[in-house]
Amino acid sequence: MNGAQALIRTLVEAGVEVCFANPGTSEMHFVAALDDVPEMRAVLTLFEGVATGAADGYARMTGRPAATLLHLGPGFGNGLANLHNARRGRAPLVNVVGDHARSHKRLDAPLESDIDALAGTVSTWVRRSLSPADVAADAAEAVAAATSAPGSIATLILPADVSWDEGAAVAERCPARPAPHVAPSVVEEIAGVLGSGEETVLFLGGDVMVADGLLAAARVAAGTGVRLMSETFPARAQRGAGLPDVPKLPYPPEMAIAALAGTKHLVLAGARSPVHFFGYPGDVPGHPVPEDCTVHVLSRPGEDGVAALTALAQLAAPDAEPEVAEAERPVLPTGNLTPRKVSAVVGALMPEGTILVDEALTSGVGLDEMTAGAPRHDWLSLTGGAIGDGLPMALGAAVACPDRPVIGIQADGSSMYTIQTLWTYAREQLDITTIICDNGAYAILEHELTRVGAQGDGKRAGQLLDLGGPELDFVSLAQGMGVPASRATTAEELAEQLQKALAEPGPHLIDAVLTRR
Ligand SMILES: Cc1ncc(C[n+]2csc(CCOP(=O)(O)OP(=O)(O)O)c2C)c(N)n1
């Protein structure tokens, strides 16, 4: 068996069944070995950022890593932004990065670069396999590293000759470190804080954003009077009728500050203490937590937050009934298209079990509210702020959950970072409906320009924020990659086109042209 065959078989043994790939010459033996291991599904992406974002989405929906196959340092670099998002969301992921054959390294060939340095910026585990005899054990360790709580990125660098040389053998699965339980004394201490009678917020994120964690948190809230809030961009949140509707901490600093004003105790469950995305000129604090507020930790990322919340609910609110969202849908709106109307159409029509991928940015206004009472669904957000993850995450989510509809609410500018993802939707015939929120601008940056107090005559600066001239033709772009597409300029058209897209299998794109100010 050659190194590549042993590697892929070992990955499959360890539960890695999908590889999002963009190969090159140094990965040819890996590619060839895929024919020997049909249990590994290989999905071709036309850019490494698509592969890494897809692995991110896949991991969020399954809790298991996908592999990526990347071509040396430049391929890894192309995948970096979405690896960053995956890291911020603590998604388990295994990168296999091809490298030159060992004998070729010292020649400084054109594709030679410092892969280890690149990998180190996002990975908790980096190793270069040094011989075919090692590669399988290395792969098993990579999977264990990626899946150890709370989930992280492992990067295995694979020299071409380690792939092609014989003498390898499959390795057994390595145990991963499970999430440790929070000590009972911590739960007791937090129960004491909740009993203080002072304004308290139970701040949720990470692993607790699933039904059991949210219901336990809602029991605590009902029994003790504390408020629930979640981090602004949870990696994956289960929502909808029958589950608690937990408000997110708003993104704009002034709104985040207002949301936490008066809070005396902030209790963290699975989330880190919040900070603003950016610092701004002037004497503005970098976080929205009031000065006289004490931050307490029930569970850290990587600890078992659901178990901690369940124990807390038993202790602090044993008889409480959680407050949950009623089944309720918005009425279908009419007339010109605004972000709120797009949200209302989605809330009115999304089927049970939808995976909602939110890279709507400024067009996400109202999406939380309009979908809170919709049938149960999952919501994936942009965890690390690096735009261009929406389309790829939807790809990964659809591969992970082939029986569930995926709806991507996608800002136009962000879609262009990884627009070629559409081609993989078509090739794999995935049930993904992409709604492009077409406002013709980098609208959020218009707000940020004002917020940072930047001055200018506005004209030249405006050119860097405007996406018109030439206008992007998303219908043609989608059709050119094999995805059926249509354009909606009114709420009625959007509703009709979304209904049709959801009824037909396979991918669809709707260009929702928003009314400009
Ligand atoms: C990788 C990366 N590059 C650049 C940015 C900076 N950035 C933030 S928002 C944005 C534009 C977003 O425009 P669009 O996707 O059209 O959404 P809108 O603001 O119009 O709602 C840019 C370029 C970023 N966040 N990530």
# chains A, B, ... in the order shown; residues from 1 in each chain; ligands from 1

$ closest_atom_pairs --of "chain A" --to "ligand 1" --cutoff "9 Å" --atoms "only C-alpha atoms and all ligand atoms" --output "tab-separated table"
residue	atom	partner	partner_atom_place_in_ligand_line	distance
A:Ala81	CA	ligand 1	1 (C)	5.9
A:Asn82	CA	ligand 1	1 (C)	8.3
A:Glu359	CA	ligand 1	15 (O)	7.6
A:Ala360	CA	ligand 1	21 (O)	6.1
A:Leu361	CA	ligand 1	21 (O)	4.3
A:Thr362	CA	ligand 1	21 (O)	3.7
A:Ser363	CA	ligand 1	21 (O)	5.2
A:Gly364	CA	ligand 1	21 (O)	7.8
A:Gly384	CA	ligand 1	25 (N)	8.5
A:Gly385	CA	ligand 1	25 (N)	5.1
A:Ala386	CA	ligand 1	26 (N)	3.6
A:Ile387	CA	ligand 1	26 (N)	4.3
A:Gly388	CA	ligand 1	1 (C)	6.7
A:Asp389	CA	ligand 1	1 (C)	9.0
A:Gln410	CA	ligand 1	15 (O)	7.5
A:Ala411	CA	ligand 1	15 (O)	4.2
A:Asp412	CA	ligand 1	16 (O)	4.4
A:Gly413	CA	ligand 1	16 (O)	3.3
A:Ser414	CA	ligand 1	15 (O)	3.6
A:Ser415	CA	ligand 1	15 (O)	6.5
A:Met416	CA	ligand 1	15 (O)	8.1
A:Tyr417	CA	ligand 1	1 (C)	8.0
A:Cys437	CA	ligand 1	21 (O)	7.6
A:Asp438	CA	ligand 1	16 (O)	7.4
A:Asn439	CA	ligand 1	20 (O)	5.9
A:Gly440	CA	ligand 1	16 (O)	6.8
A:Ala441	CA	ligand 1	20 (O)	4.8
A:Tyr442	CA	ligand 1	13 (O)	3.4
A:Ala443	CA	ligand 1	20 (O)	3.6
A:Ile444	CA	ligand 1	19 (O)	3.6
A:Leu445	CA	ligand 1	9 (S)	5.9
A:Glu446	CA	ligand 1	19 (O)	7.8
A:His447	CA	ligand 1	19 (O)	8.7
A:Leu465	CA	ligand 1	11 (C)	7.6
A:Asp466	CA	ligand 1	16 (O)	8.8
A:Leu467	CA	ligand 1	16 (O)	7.8

$ residues_around --residues "segment 494-498 of chain A" --least-positions-apart "6" --cutoff "8 Å" --atoms "only C-alpha atoms" --output "list in words"
Leu332, Val342, Val345, Leu349, Thr433, Ser486, Arg487, Ala488, Ile510 and Ala512 of chain A

$ residues_around --residues "Arg60 of chain A" --least-positions-apart "5" --cutoff "7 Å" --atoms "only C-alpha atoms" --output "MDAnalysis selection string"
chainID A and resid 91 235:236

$ write_last_selection --atoms "N, CA and C atoms" --output "PDB file, in the first residue's frame"
ATOM      1  N   ALA A  91     -14.602  24.699  14.644  1.00  0.00           N
ATOM      2  CA  ALA A  91     -15.022  23.569  13.810  1.00  0.00           C
ATOM      3  C   ALA A  91     -13.866  22.579  13.692  1.00  0.00           C
ATOM      4  N   ALA A 235     -21.700  29.706  15.888  1.00  0.00           N
ATOM      5  CA  ALA A 235     -21.352  28.849  14.747  1.00  0.00           C
ATOM      6  C   ALA A 235     -22.591  28.116  14.236  1.00  0.00           C
ATOM      7  N   ARG A 236     -23.362  27.567  15.177  1.00  0.00           N
ATOM      8  CA  ARG A 236     -24.578  26.855  14.789  1.00  0.00           C
ATOM      9  C   ARG A 236     -25.595  27.027  15.912  1.00  0.00           C
TER      10      ARG A 236
END

$ residues_around --residues "segment 166-173 of chain A" --least-positions-apart "2" --cutoff "8 Å" --atoms "only C-alpha atoms" --output "ChimeraX atom specification"
/A:1-3,6-7,9-10,13-14,132-137,140-141,144,164,175

$ residues_around --residues "Leu194 of chain A" --least-positions-apart "4" --cutoff "12 Å" --atoms "only C-alpha atoms" --output "list of chain:residue names"
A:Val187, A:Glu188, A:Glu189, A:Ile190, A:Glu198, A:Glu199, A:Thr200, A:Val201, A:Leu202, A:Val220, A:Ala221, A:Ala222, A:Gly223, A:Thr224, A:Gly225, A:Val226, A:Arg227, A:Lys264, A:His265, A:Leu266, A:Val267, A:His296, A:Leu298, A:Leu312, A:Ala313, A:Leu315, A:Ala316, A:Ala317

$ closest_residue --among "A:Ala42, A:Leu215, A:Ala142, A:Met393" --to "Asn85 of chain A" --atoms "only C-alpha atoms"
A:Met393

$ atom_distance --atom1 "atom CA of Glu323 of chain A" --atom2 "atom CA of Ala218 of chain A"
6.2 Å

$ residues_around --residues "segment 239-243 of chain A" --least-positions-apart "4" --cutoff "7 Å" --atoms "only C-alpha atoms" --output "ChimeraX atom specification"
/A:211,215,324-327,371-378

$ residues_around --residues "Val126 of chain A" --least-positions-apart "6" --cutoff "10 Å" --atoms "only C-alpha atoms" --output "list in words"
Val94, Asn95, Ile115, Asp116, Ala117, Ala119, Gly120, Asp138, Ala142, Ala145, Ile153, Ala154, Thr155, Leu156 and Ile157 of chain A

$ select_by_dssp --residues "segment 204-418 of chain A" --states "strand (DSSP E or B)" --output "number ranges by chain"
A: 204, 227-230, 236-239, 248, 265-270, 294-299, 301, 303, 336, 355-359, 377-381, 406-411

$ closest_residue --among "A:Phe20, A:Trp379, A:Phe474, A:Trp125" --to "Phe233 of chain A" --atoms "only C-alpha atoms"
A:Trp379

$ select_by_dssp --residues "segment 77-279 of chain A" --states "helix (DSSP H, G or I)" --output "MDAnalysis selection string"
chainID A and resid 77:78 80:88 102:107 115:120 132:147 160:164 184:194 206:208 211:224 253:260

$ closest_residue --among "A:Val295, A:Met229, A:Ala454, A:Ala308" --to "Tyr280 of chain A" --atoms "only C-alpha atoms"
A:Ala454
